[in-house]
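Let me begin by presenting the structure, written as structure tokens, before commenting on it.
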Amino acid sequence: MTYISRKTQAVIDLTALQNNYQYISTLAPNSKTMAVIKANGYEHGAIEVAKALEEQVPCFAVAFVDEAIQLRKAGIKTPILVLEGPFKESDFAIAIKNELSLMLHTPEHISWLSNDNGAYCSDIWLKVDTGMNRLGFRAEDAPDVIASLNEEHRKKLIICSHFSCAEIKSNLKTAKQITQVKALVEQYACQYSMANSAGILNWPESHGHYNRLGLALYGVSPIEQCDLVDPLEPVMTLEAEIIAIRKVKAGETVGYGDTWQAERSSIIAVIAIGYADGYPRNAKSGTPVFVNGSIAYLVGRVSMDMITIDITDLPKVSIGDSVELWGKNISVDTVAEYSDSINYELLTRLSSRLPKTFINQNHS
Ligand SMILES: *Cc1c(COP(=O)(O)O)cnc(C)c1O
């Protein structure tokens, strides 16, 4: 075994992941709930996440072909949808070889499809743009595109669209997007897929043949207040240990740029995690961390390898004690708020320097 000195790590609770998947599937009982595991499973470890879910999940989704190949190499046999579709024609050959489904969203994709002489046997996932204005054929152009497909392909059509504002329940845009998709679905009597996590939680009328569950699978919510998210369990705990404790006098400063000044004599603990691990450098003084059952607060700037917290008011804190930066006690949402970011970004930008430890109570 390799020697590990630094205890900084992301602990990934695969049992919580499985529970979250089970629970969210019950919210959309008439849909197949896909697990979106792009960006290394929102940086929870795509292969481990896939292995923990492969018996329950009908289909995984990733962003691009390379991510799907990694899963195939690891022995994952479940269907995989590539959300951004092919980037070049040779991606079709790769998709055929690896049994991947490609989201088709440009005229080039349609002509590449017709060039392959029927070798591509997947369903035809067709992306229709209903207001995100990122990927997909405009809804008014969809009939021509569908008309250009051969009979075999038309039979396997799955119309997809992506929401731009589904996390806000009062926003009328989502209802309009749903109406546009449903009109096409009725016209072509085909399957469809719209809902992301926010769609699953906020918009039952958007539940399709397939829903695309991403963030909420990891126990983190895309929406602010909603009873439905209460049963979710955060899958990731980001933790690190205290490597030094020091006293500073009133008036002294801590860290780069002298941005924090002690108002009283204070005790400062130094924790072995920094922005090189993916802890956000933007996190402001006052960002909470969890130490020995209490909350303490970040003081001074986040360094590359370390952060500093004020433990003056905490009983019994020692070198070697473990600190939770986010997880079951400190929400990643809170850290996101203190660092002008969002939960999605904080999770996915954890660095490759940070080791992961996987726990699964169902298989211990
Ligand atoms: C990432 C992604 C999802 C999952 O979104 P969440 O908000 O994480 O649930 C669904 N659909 C598409 C097209 C995506 O790119």
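FYI, nothing fancy with the structure tokens labels: chains A, B, ... in order, residues from 1 per chain, ligands from 1 as they appear.
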
Subject >> Nearby residues, ligand 1, 6 Å, only C-alpha atoms and all ligand atoms, as a ChimeraX atom specification >> reply: /A:36,83,162,196-197,212-215

Next, dump the selected residues to file, keeping only N, CA, C and O atoms, as an mmCIF file, in the first residue's frame.
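Result file is result37.cif:
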data_model
loop_
_atom_site.group_PDB
_atom_site.id
_atom_site.type_symbol
_atom_site.label_atom_id
_atom_site.label_comp_id
_atom_site.auth_asym_id
_atom_site.auth_seq_id
_atom_site.Cartn_x
_atom_site.Cartn_y
_atom_site.Cartn_z
ATOM 1 N N VAL A 36 -26.902 10.706 -14.008
ATOM 2 C CA VAL A 36 -25.920 11.516 -14.742
ATOM 3 C C VAL A 36 -24.604 11.482 -13.956
ATOM 4 O O VAL A 36 -24.544 11.936 -12.805
ATOM 5 N N LEU A 83 -24.415 13.058 -23.530
ATOM 6 C CA LEU A 83 -25.314 14.218 -23.560
ATOM 7 C C LEU A 83 -24.925 15.288 -24.579
ATOM 8 O O LEU A 83 -25.780 15.960 -25.136
ATOM 9 N N HIS A 162 -33.755 20.585 -22.630
ATOM 10 C CA HIS A 162 -33.127 20.892 -21.336
ATOM 11 C C HIS A 162 -33.698 22.199 -20.804
ATOM 12 O O HIS A 162 -33.874 23.158 -21.550
ATOM 13 N N ASN A 196 -34.253 17.366 -15.523
ATOM 14 C CA ASN A 196 -33.019 17.235 -14.750
ATOM 15 C C ASN A 196 -33.436 17.122 -13.275
ATOM 16 O O ASN A 196 -34.627 16.938 -12.989
ATOM 17 N N SER A 197 -32.501 17.290 -12.346
ATOM 18 C CA SER A 197 -32.882 17.164 -10.925
ATOM 19 C C SER A 197 -34.006 18.126 -10.563
ATOM 20 O O SER A 197 -34.994 17.745 -9.931
ATOM 21 N N ARG A 212 -33.331 12.764 -16.250
ATOM 22 C CA ARG A 212 -31.872 12.796 -16.168
ATOM 23 C C ARG A 212 -31.447 13.362 -14.822
ATOM 24 O O ARG A 212 -31.315 14.561 -14.635
ATOM 25 N N LEU A 213 -31.218 12.481 -13.901
ATOM 26 C CA LEU A 213 -30.927 12.865 -12.513
ATOM 27 C C LEU A 213 -29.427 13.082 -12.323
ATOM 28 O O LEU A 213 -28.641 12.152 -12.461
ATOM 29 N N GLY A 214 -29.053 14.306 -12.006
ATOM 30 C CA GLY A 214 -27.656 14.619 -11.728
ATOM 31 C C GLY A 214 -27.461 15.002 -10.273
ATOM 32 O O GLY A 214 -27.483 14.156 -9.372
ATOM 33 N N LEU A 215 -27.365 16.290 -10.018
ATOM 34 C CA LEU A 215 -26.968 16.798 -8.695
ATOM 35 C C LEU A 215 -27.671 16.134 -7.505
ATOM 36 O O LEU A 215 -27.026 15.780 -6.521
#

List every residue of range 73-186 of chain A that has an atom at most 10 Å from any atom of range 217-239 of chain A, and for each one report the closest atom pair and its distance in Å to one decimal, counting only C-alpha atoms, with rows sorted by chain and then by increasing residue number, as CSV.
residue,atom,partner,partner_atom,distance
A:Ala166,CA,A:Ile223,CA,8.7
A:Glu167,CA,A:Ile223,CA,5.1
A:Ile168,CA,A:Ile223,CA,7.2
A:Lys169,CA,A:Ile223,CA,8.9

**OP:** May I ask for the distance between CA of Asp321 in chain A and CA of Gly255 in chain A, given in Å to one decimal place?
**Re:** 21.1 Å

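Of the residues in range 106-205 of chain A, those given strand (DSSP E or B) by DSSP on the backbone are Ile124, Trp125, Leu126, Lys127, Val128, Asp129, Phe137, Arg138, Leu157, Ile158, Ile159, Cys160, Gln191, Tyr192 and Ser193 of chain A.
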
Residues from the last selection, N, CA, C and O atoms, saved as a JSON list (two decimals), in the first residue's frame:
[["chain", "number", "residue", "atom", "x", "y", "z"],
["A", 124, "ILE", "N", -32.78, 6.88, -31.04],
["A", 124, "ILE", "CA", -32.39, 8.16, -31.65],
["A", 124, "ILE", "C", -32.77, 9.28, -30.68],
["A", 124, "ILE", "O", -33.91, 9.72, -30.62],
["A", 125, "TRP", "N", -31.78, 9.71, -29.90],
["A", 125, "TRP", "CA", -31.98, 10.78, -28.92],
["A", 125, "TRP", "C", -31.80, 12.11, -29.65],
["A", 125, "TRP", "O", -30.68, 12.45, -30.05],
["A", 126, "LEU", "N", -32.88, 12.82, -29.84],
["A", 126, "LEU", "CA", -32.85, 14.06, -30.61],
["A", 126, "LEU", "C", -33.06, 15.26, -29.68],
["A", 126, "LEU", "O", -34.08, 15.36, -29.01],
["A", 127, "LYS", "N", -32.07, 16.15, -29.68],
["A", 127, "LYS", "CA", -32.16, 17.30, -28.78],
["A", 127, "LYS", "C", -32.88, 18.45, -29.46],
["A", 127, "LYS", "O", -32.51, 18.88, -30.56],
["A", 128, "VAL", "N", -33.92, 18.92, -28.81],
["A", 128, "VAL", "CA", -34.69, 20.04, -29.33],
["A", 128, "VAL", "C", -34.53, 21.21, -28.36],
["A", 128, "VAL", "O", -34.67, 21.05, -27.15],
["A", 129, "ASP", "N", -34.20, 22.35, -28.91],
["A", 129, "ASP", "CA", -33.99, 23.53, -28.07],
["A", 129, "ASP", "C", -35.31, 24.23, -27.83],
["A", 129, "ASP", "O", -36.00, 24.62, -28.77],
["A", 137, "PHE", "N", -31.85, 21.36, -32.02],
["A", 137, "PHE", "CA", -32.58, 21.96, -33.14],
["A", 137, "PHE", "C", -33.69, 22.83, -32.58],
["A", 137, "PHE", "O", -34.32, 22.48, -31.57],
["A", 138, "ARG", "N", -33.95, 23.94, -33.20],
["A", 138, "ARG", "CA", -35.08, 24.76, -32.78],
["A", 138, "ARG", "C", -36.37, 23.95, -32.96],
["A", 138, "ARG", "O", -36.49, 23.18, -33.91],
["A", 157, "LEU", "N", -37.31, 7.10, -31.90],
["A", 157, "LEU", "CA", -37.06, 8.51, -31.57],
["A", 157, "LEU", "C", -37.34, 8.81, -30.09],
["A", 157, "LEU", "O", -38.37, 8.42, -29.54],
["A", 158, "ILE", "N", -36.40, 9.50, -29.45],
["A", 158, "ILE", "CA", -36.63, 10.04, -28.10],
["A", 158, "ILE", "C", -36.32, 11.54, -28.16],
["A", 158, "ILE", "O", -35.18, 11.94, -28.41],
["A", 159, "ILE", "N", -37.34, 12.35, -27.98],
["A", 159, "ILE", "CA", -37.13, 13.81, -28.04],
["A", 159, "ILE", "C", -36.68, 14.30, -26.68],
["A", 159, "ILE", "O", -37.27, 13.98, -25.64],
["A", 160, "CYS", "N", -35.60, 15.09, -26.70],
["A", 160, "CYS", "CA", -35.03, 15.60, -25.44],
["A", 160, "CYS", "C", -34.97, 17.11, -25.48],
["A", 160, "CYS", "O", -34.80, 17.71, -26.54],
["A", 191, "GLN", "N", -41.09, 8.78, -27.56],
["A", 191, "GLN", "CA", -40.69, 8.94, -26.15],
["A", 191, "GLN", "C", -40.03, 10.31, -25.96],
["A", 191, "GLN", "O", -39.65, 10.96, -26.92],
["A", 192, "TYR", "N", -39.89, 10.71, -24.70],
["A", 192, "TYR", "CA", -39.23, 12.00, -24.45],
["A", 192, "TYR", "C", -38.50, 12.02, -23.11],
["A", 192, "TYR", "O", -38.75, 11.19, -22.23],
["A", 193, "SER", "N", -37.62, 13.00, -22.98],
["A", 193, "SER", "CA", -36.84, 13.19, -21.75],
["A", 193, "SER", "C", -36.56, 14.67, -21.57],
["A", 193, "SER", "O", -35.98, 15.31, -22.46]]

**OP:** Fewer than 5 positions away in the same chain doesn't count, so skip those; otherwise give me all residues within 9 Å of range 42-59 of chain A, counting only C-alpha atoms, as a ChimeraX atom specification.
**Re:** /A:10-12,14-15,17-18,21-22,32-37,67,70-71,74-81,210,214-215,218,235-236,344-345,347-351,356,358,360

Those selected residues, please, written with N, CA and C atoms and delivered as a short mmCIF file (atom, residue, chain, number, x, y, z; two decimals), in the first residue's frame.
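Once written, selection-v3.cif looks like this:
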data_model
loop_
_atom_site.label_atom_id
_atom_site.label_comp_id
_atom_site.auth_asym_id
_atom_site.auth_seq_id
_atom_site.Cartn_x
_atom_site.Cartn_y
_atom_site.Cartn_z
N ALA A 10 -11.85 13.16 0.33
CA ALA A 10 -13.30 13.18 0.14
C ALA A 10 -13.79 11.78 0.45
N VAL A 11 -14.65 11.66 1.45
CA VAL A 11 -15.23 10.36 1.78
C VAL A 11 -16.56 10.25 1.03
N ILE A 12 -16.70 9.18 0.26
CA ILE A 12 -17.87 9.02 -0.59
C ILE A 12 -18.73 7.89 -0.02
N LEU A 14 -21.36 5.51 -0.51
CA LEU A 14 -22.10 4.89 -1.62
C LEU A 14 -23.46 4.37 -1.17
N THR A 15 -23.62 4.12 0.11
CA THR A 15 -24.94 3.73 0.62
C THR A 15 -25.90 4.90 0.52
N LEU A 17 -25.67 7.27 -1.59
CA LEU A 17 -25.92 7.42 -3.03
C LEU A 17 -27.05 6.49 -3.47
N GLN A 18 -26.97 5.23 -3.06
CA GLN A 18 -28.00 4.26 -3.43
C GLN A 18 -29.35 4.66 -2.84
N TYR A 21 -30.80 7.53 -4.83
CA TYR A 21 -31.32 7.08 -6.12
C TYR A 21 -32.69 6.43 -5.93
N GLN A 22 -32.77 5.53 -4.96
CA GLN A 22 -34.05 4.84 -4.69
C GLN A 22 -35.15 5.84 -4.41
N LYS A 32 -38.14 6.24 -16.31
CA LYS A 32 -36.84 5.62 -16.02
C LYS A 32 -35.91 6.74 -15.56
N THR A 33 -35.32 6.57 -14.41
CA THR A 33 -34.45 7.61 -13.88
C THR A 33 -33.00 7.30 -14.25
N MET A 34 -32.45 8.12 -15.16
CA MET A 34 -31.05 7.95 -15.55
C MET A 34 -30.18 8.58 -14.47
N ALA A 35 -28.98 8.05 -14.29
CA ALA A 35 -28.02 8.66 -13.37
C ALA A 35 -26.97 9.40 -14.19
N VAL A 36 -26.90 10.71 -14.01
CA VAL A 36 -25.92 11.52 -14.74
C VAL A 36 -24.60 11.48 -13.96
N ILE A 37 -23.59 10.92 -14.58
CA ILE A 37 -22.30 10.74 -13.88
C ILE A 37 -21.16 11.37 -14.69
N GLU A 67 -15.66 10.11 -21.67
CA GLU A 67 -16.13 9.72 -20.34
C GLU A 67 -16.83 8.36 -20.39
N GLN A 70 -14.28 5.40 -20.64
CA GLN A 70 -13.70 5.05 -19.32
C GLN A 70 -14.60 4.09 -18.56
N LEU A 71 -15.90 4.32 -18.64
CA LEU A 71 -16.84 3.44 -17.92
C LEU A 71 -16.85 2.06 -18.56
N ALA A 74 -13.95 0.09 -17.53
CA ALA A 74 -14.04 -0.40 -16.15
C ALA A 74 -15.07 -1.52 -16.03
N GLY A 75 -15.66 -1.92 -17.17
CA GLY A 75 -16.56 -3.08 -17.13
C GLY A 75 -18.03 -2.74 -16.94
N ILE A 76 -18.38 -1.46 -17.06
CA ILE A 76 -19.79 -1.08 -16.91
C ILE A 76 -20.53 -1.43 -18.21
N LYS A 77 -21.59 -2.24 -18.08
CA LYS A 77 -22.32 -2.73 -19.26
C LYS A 77 -23.65 -2.00 -19.49
N THR A 78 -24.07 -1.21 -18.52
CA THR A 78 -25.34 -0.48 -18.58
C THR A 78 -25.35 0.45 -19.80
N PRO A 79 -26.52 0.67 -20.43
CA PRO A 79 -26.58 1.68 -21.50
C PRO A 79 -26.04 3.04 -21.04
N ILE A 80 -25.39 3.75 -21.95
CA ILE A 80 -24.83 5.07 -21.62
C ILE A 80 -25.26 6.07 -22.69
N LEU A 81 -25.80 7.20 -22.25
CA LEU A 81 -26.15 8.30 -23.16
C LEU A 81 -25.07 9.38 -23.07
N TYR A 210 -37.75 9.06 -19.81
CA TYR A 210 -36.47 9.09 -19.08
C TYR A 210 -36.33 10.44 -18.39
N GLY A 214 -29.05 14.31 -12.01
CA GLY A 214 -27.66 14.62 -11.73
C GLY A 214 -27.46 15.00 -10.27
N LEU A 215 -27.37 16.29 -10.02
CA LEU A 215 -26.97 16.80 -8.70
C LEU A 215 -27.67 16.13 -7.50
N TYR A 218 -26.50 13.04 -5.72
CA TYR A 218 -25.37 13.15 -4.79
C TYR A 218 -25.79 13.76 -3.46
N VAL A 235 -23.69 12.79 -0.19
CA VAL A 235 -22.86 11.61 -0.43
C VAL A 235 -21.40 11.90 -0.09
N MET A 236 -20.97 13.13 -0.34
CA MET A 236 -19.56 13.47 -0.12
C MET A 236 -19.33 14.20 1.20
N TYR A 344 -22.80 22.90 -7.55
CA TYR A 344 -22.31 22.13 -8.70
C TYR A 344 -20.81 22.38 -8.91
N GLU A 345 -20.44 23.66 -8.85
CA GLU A 345 -19.05 24.00 -9.16
C GLU A 345 -18.10 23.51 -8.06
N LEU A 347 -18.35 21.01 -6.04
CA LEU A 347 -18.16 19.56 -6.10
C LEU A 347 -17.26 19.17 -7.27
N THR A 348 -17.54 19.73 -8.45
CA THR A 348 -16.87 19.23 -9.65
C THR A 348 -15.45 19.77 -9.80
N ARG A 349 -15.10 20.80 -9.06
CA ARG A 349 -13.73 21.28 -9.25
C ARG A 349 -12.76 20.80 -8.18
N LEU A 350 -13.14 19.83 -7.39
CA LEU A 350 -12.17 19.22 -6.49
C LEU A 350 -11.01 18.70 -7.34
N SER A 351 -9.80 18.78 -6.80
CA SER A 351 -8.64 18.50 -7.66
C SER A 351 -8.22 17.04 -7.58
N LYS A 356 -9.87 9.93 -2.63
CA LYS A 356 -11.24 9.58 -2.26
C LYS A 356 -11.23 8.27 -1.49
N PHE A 358 -14.03 5.32 -0.31
CA PHE A 358 -15.41 4.91 -0.58
C PHE A 358 -15.90 4.02 0.55
N ASN A 360 -19.35 1.70 1.79
CA ASN A 360 -20.65 1.15 1.38
C ASN A 360 -21.10 0.14 2.43
#

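The residue set within 12 Å of Lys247 in chain A, counting only C-alpha atoms and dropping same-chain residues fewer than 5 places from it, reads Glu252, Thr253, Val254, Ala262, Arg264, Ser265, Ser266, Ile267, Ile268, Ala269, Val270, Thr308, Ile309, Asp310, Ile311 and Thr312 of chain A.
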
Take the selection from the previous step and output its residues with all heavy atoms, as an mmCIF file, in the first residue's frame.
data_model
loop_
_atom_site.group_PDB
_atom_site.id
_atom_site.type_symbol
_atom_site.label_atom_id
_atom_site.label_comp_id
_atom_site.auth_asym_id
_atom_site.auth_seq_id
_atom_site.Cartn_x
_atom_site.Cartn_y
_atom_site.Cartn_z
ATOM 1 N N GLU A 252 -3.140 41.350 15.719
ATOM 2 C CA GLU A 252 -2.314 40.626 14.743
ATOM 3 C C GLU A 252 -3.203 40.108 13.604
ATOM 4 O O GLU A 252 -4.398 39.921 13.769
ATOM 5 C CB GLU A 252 -1.565 39.470 15.411
ATOM 6 C CG GLU A 252 -0.444 39.960 16.303
ATOM 7 C CD GLU A 252 0.384 38.829 16.919
ATOM 8 O OE1 GLU A 252 -0.177 37.774 17.262
ATOM 9 O OE2 GLU A 252 1.597 39.029 17.051
ATOM 10 N N THR A 253 -2.570 39.850 12.487
ATOM 11 C CA THR A 253 -3.323 39.374 11.320
ATOM 12 C C THR A 253 -2.952 37.928 11.016
ATOM 13 O O THR A 253 -1.928 37.421 11.476
ATOM 14 C CB THR A 253 -3.019 40.234 10.081
ATOM 15 O OG1 THR A 253 -1.605 40.151 9.841
ATOM 16 C CG2 THR A 253 -3.425 41.676 10.289
ATOM 17 N N VAL A 254 -3.798 37.276 10.217
ATOM 18 C CA VAL A 254 -3.578 35.877 9.837
ATOM 19 C C VAL A 254 -3.645 35.761 8.321
ATOM 20 O O VAL A 254 -4.601 36.228 7.697
ATOM 21 C CB VAL A 254 -4.641 34.961 10.482
ATOM 22 C CG1 VAL A 254 -4.515 33.529 9.955
ATOM 23 C CG2 VAL A 254 -4.523 34.987 12.006
ATOM 24 N N ALA A 262 -7.163 39.904 14.288
ATOM 25 C CA ALA A 262 -7.787 39.436 15.533
ATOM 26 C C ALA A 262 -8.277 40.624 16.349
ATOM 27 O O ALA A 262 -7.531 41.575 16.590
ATOM 28 C CB ALA A 262 -6.785 38.612 16.330
ATOM 29 N N ARG A 264 -9.402 40.142 19.412
ATOM 30 C CA ARG A 264 -9.080 39.727 20.779
ATOM 31 C C ARG A 264 -7.958 38.713 20.650
ATOM 32 O O ARG A 264 -7.650 38.262 19.539
ATOM 33 C CB ARG A 264 -10.301 39.068 21.432
ATOM 34 C CG ARG A 264 -10.841 37.951 20.560
ATOM 35 C CD ARG A 264 -11.979 37.163 21.172
ATOM 36 N NE ARG A 264 -12.401 36.147 20.192
ATOM 37 C CZ ARG A 264 -13.230 35.165 20.448
ATOM 38 N NH1 ARG A 264 -13.750 35.023 21.653
ATOM 39 N NH2 ARG A 264 -13.540 34.286 19.518
ATOM 40 N N SER A 265 -7.344 38.317 21.754
ATOM 41 C CA SER A 265 -6.340 37.262 21.612
ATOM 42 C C SER A 265 -7.094 35.989 21.237
ATOM 43 O O SER A 265 -8.151 35.682 21.797
ATOM 44 C CB SER A 265 -5.521 37.107 22.888
ATOM 45 O OG SER A 265 -6.334 36.623 23.902
ATOM 46 N N SER A 266 -6.592 35.295 20.227
ATOM 47 C CA SER A 266 -7.355 34.217 19.600
ATOM 48 C C SER A 266 -6.498 32.969 19.431
ATOM 49 O O SER A 266 -5.260 33.050 19.411
ATOM 50 C CB SER A 266 -7.835 34.658 18.203
ATOM 51 O OG SER A 266 -8.546 35.870 18.273
ATOM 52 N N ILE A 267 -7.185 31.842 19.310
ATOM 53 C CA ILE A 267 -6.484 30.591 19.002
ATOM 54 C C ILE A 267 -6.869 30.191 17.585
ATOM 55 O O ILE A 267 -8.060 30.144 17.237
ATOM 56 C CB ILE A 267 -6.859 29.477 19.992
ATOM 57 C CG1 ILE A 267 -6.638 29.975 21.429
ATOM 58 C CG2 ILE A 267 -6.009 28.234 19.738
ATOM 59 C CD1 ILE A 267 -7.164 29.039 22.486
ATOM 60 N N ILE A 268 -5.841 29.941 16.797
ATOM 61 C CA ILE A 268 -6.039 29.673 15.375
ATOM 62 C C ILE A 268 -5.569 28.241 15.081
ATOM 63 O O ILE A 268 -4.481 27.838 15.513
ATOM 64 C CB ILE A 268 -5.191 30.666 14.525
ATOM 65 C CG1 ILE A 268 -5.553 32.119 14.837
ATOM 66 C CG2 ILE A 268 -5.319 30.353 13.029
ATOM 67 C CD1 ILE A 268 -6.975 32.513 14.514
ATOM 68 N N ALA A 269 -6.385 27.478 14.401
ATOM 69 C CA ALA A 269 -5.965 26.146 13.963
ATOM 70 C C ALA A 269 -5.710 26.192 12.462
ATOM 71 O O ALA A 269 -6.443 26.839 11.716
ATOM 72 C CB ALA A 269 -7.045 25.114 14.281
ATOM 73 N N VAL A 270 -4.648 25.479 12.056
ATOM 74 C CA VAL A 270 -4.281 25.422 10.642
ATOM 75 C C VAL A 270 -4.694 24.051 10.113
ATOM 76 O O VAL A 270 -4.363 23.019 10.718
ATOM 77 C CB VAL A 270 -2.761 25.627 10.464
ATOM 78 C CG1 VAL A 270 -2.384 25.599 8.987
ATOM 79 C CG2 VAL A 270 -2.323 26.927 11.130
ATOM 80 N N THR A 308 -7.023 28.548 7.658
ATOM 81 C CA THR A 308 -6.913 28.847 9.086
ATOM 82 C C THR A 308 -8.312 29.111 9.636
ATOM 83 O O THR A 308 -9.134 29.772 8.982
ATOM 84 C CB THR A 308 -6.021 30.091 9.294
ATOM 85 O OG1 THR A 308 -6.242 31.013 8.216
ATOM 86 C CG2 THR A 308 -4.557 29.720 9.320
ATOM 87 N N ILE A 309 -8.566 28.576 10.833
ATOM 88 C CA ILE A 309 -9.877 28.790 11.455
ATOM 89 C C ILE A 309 -9.688 29.275 12.884
ATOM 90 O O ILE A 309 -8.658 29.021 13.520
ATOM 91 C CB ILE A 309 -10.734 27.494 11.459
ATOM 92 C CG1 ILE A 309 -10.044 26.372 12.255
ATOM 93 C CG2 ILE A 309 -11.020 27.031 10.031
ATOM 94 C CD1 ILE A 309 -10.933 25.141 12.483
ATOM 95 N N ASP A 310 -10.686 29.981 13.367
ATOM 96 C CA ASP A 310 -10.658 30.512 14.734
ATOM 97 C C ASP A 310 -11.313 29.488 15.662
ATOM 98 O O ASP A 310 -12.500 29.192 15.523
ATOM 99 C CB ASP A 310 -11.435 31.840 14.758
ATOM 100 C CG ASP A 310 -11.406 32.502 16.128
ATOM 101 O OD1 ASP A 310 -10.902 31.879 17.096
ATOM 102 O OD2 ASP A 310 -11.905 33.635 16.228
ATOM 103 N N ILE A 311 -10.532 28.953 16.594
ATOM 104 C CA ILE A 311 -11.093 27.953 17.525
ATOM 105 C C ILE A 311 -11.084 28.466 18.967
ATOM 106 O O ILE A 311 -11.199 27.687 19.919
ATOM 107 C CB ILE A 311 -10.324 26.607 17.440
ATOM 108 C CG1 ILE A 311 -8.827 26.805 17.677
ATOM 109 C CG2 ILE A 311 -10.577 25.923 16.099
ATOM 110 C CD1 ILE A 311 -8.088 25.505 17.955
ATOM 111 N N THR A 312 -10.993 29.799 19.118
ATOM 112 C CA THR A 312 -10.898 30.392 20.466
ATOM 113 C C THR A 312 -12.010 29.899 21.387
ATOM 114 O O THR A 312 -11.779 29.618 22.561
ATOM 115 C CB THR A 312 -10.974 31.939 20.353
ATOM 116 O OG1 THR A 312 -10.105 32.363 19.317
ATOM 117 C CG2 THR A 312 -10.594 32.603 21.662
#

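With CA of Lys38 in chain A on one side and CA of Ala61 in chain A on the other, the separation reads 6.6 Å.
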
Which residues are close to Leu27 in chain A, i.e. within 9 Å by only C-alpha atoms, leaving aside same-chain residues fewer than 2 positions away? Reply as a short mmCIF file (atom, residue, chain, number, x, y, z; two decimals) with all heavy atoms, in the first residue's frame.
data_model
loop_
_atom_site.label_atom_id
_atom_site.label_comp_id
_atom_site.auth_asym_id
_atom_site.auth_seq_id
_atom_site.Cartn_x
_atom_site.Cartn_y
_atom_site.Cartn_z
N TYR A 23 -34.85 6.79 -3.52
CA TYR A 23 -35.86 7.76 -3.11
C TYR A 23 -36.32 8.60 -4.30
O TYR A 23 -37.52 8.77 -4.54
CB TYR A 23 -35.31 8.65 -1.99
CG TYR A 23 -36.14 9.88 -1.77
CD1 TYR A 23 -37.44 9.78 -1.28
CD2 TYR A 23 -35.65 11.15 -2.10
CE1 TYR A 23 -38.23 10.91 -1.12
CE2 TYR A 23 -36.43 12.27 -1.94
CZ TYR A 23 -37.71 12.15 -1.45
OH TYR A 23 -38.49 13.27 -1.31
N ILE A 24 -35.38 9.12 -5.08
CA ILE A 24 -35.78 10.01 -6.19
C ILE A 24 -36.53 9.24 -7.27
O ILE A 24 -37.45 9.77 -7.89
CB ILE A 24 -34.57 10.77 -6.74
CG1 ILE A 24 -34.01 11.68 -5.65
CG2 ILE A 24 -34.94 11.62 -7.96
CD1 ILE A 24 -32.68 12.27 -5.94
N SER A 25 -36.17 7.97 -7.47
CA SER A 25 -36.91 7.17 -8.45
C SER A 25 -38.39 7.09 -8.06
O SER A 25 -39.25 7.08 -8.94
CB SER A 25 -36.38 5.73 -8.52
OG SER A 25 -35.01 5.74 -8.66
N PRO A 29 -42.46 7.71 -10.58
CA PRO A 29 -42.65 6.26 -10.69
C PRO A 29 -42.89 5.77 -12.11
O PRO A 29 -42.67 4.59 -12.39
CB PRO A 29 -43.88 5.99 -9.81
CG PRO A 29 -44.57 7.29 -9.67
CD PRO A 29 -43.53 8.36 -9.81
N ASN A 30 -43.32 6.67 -13.01
CA ASN A 30 -43.60 6.22 -14.38
C ASN A 30 -42.45 6.51 -15.34
O ASN A 30 -42.58 6.33 -16.54
CB ASN A 30 -44.88 6.87 -14.90
CG ASN A 30 -46.07 6.51 -14.02
OD1 ASN A 30 -46.20 5.35 -13.61
ND2 ASN A 30 -46.88 7.49 -13.67
N ILE A 200 -37.29 17.02 -11.93
CA ILE A 200 -37.86 15.89 -11.18
C ILE A 200 -38.52 16.39 -9.90
O ILE A 200 -39.63 15.99 -9.55
CB ILE A 200 -36.76 14.84 -10.85
CG1 ILE A 200 -36.17 14.26 -12.14
CG2 ILE A 200 -37.33 13.73 -9.96
CD1 ILE A 200 -34.94 13.40 -11.92
N LEU A 201 -37.84 17.31 -9.20
CA LEU A 201 -38.34 17.78 -7.91
C LEU A 201 -39.47 18.79 -8.04
O LEU A 201 -40.45 18.74 -7.30
CB LEU A 201 -37.19 18.40 -7.10
CG LEU A 201 -36.09 17.44 -6.68
CD1 LEU A 201 -34.84 18.21 -6.25
CD2 LEU A 201 -36.54 16.52 -5.55
N PRO A 204 -43.47 17.82 -11.82
CA PRO A 204 -43.91 16.45 -12.11
C PRO A 204 -44.43 16.32 -13.54
O PRO A 204 -44.27 15.26 -14.16
CB PRO A 204 -45.03 16.20 -11.10
CG PRO A 204 -44.89 17.24 -10.06
CD PRO A 204 -44.10 18.37 -10.62
N LEU A 228 -39.30 17.99 -0.51
CA LEU A 228 -38.90 16.76 -1.18
C LEU A 228 -37.41 16.48 -1.03
O LEU A 228 -36.97 15.35 -1.18
CB LEU A 228 -39.23 16.85 -2.68
CG LEU A 228 -40.70 16.84 -3.06
CD1 LEU A 228 -40.87 17.05 -4.55
CD2 LEU A 228 -41.34 15.53 -2.63
#

Subject >> Shell around range 108-114 of chain A at 12 Å using only C-alpha atoms, local window under 6 positions removed, as a ChimeraX atom specification >> reply: /A:84-93,95-96,101-102,120-127,136-137,142,144-153

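In this structure, CA of Cys190 in chain A sits 19.4 Å away from CA of Phe163 in chain A.
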
Subject >> Option closest in space to Lys284 in chain A, from A:Glu186, A:Glu337, A:Asp141, A:Asp66 [counting only C-alpha atoms] >> reply: A:Glu337
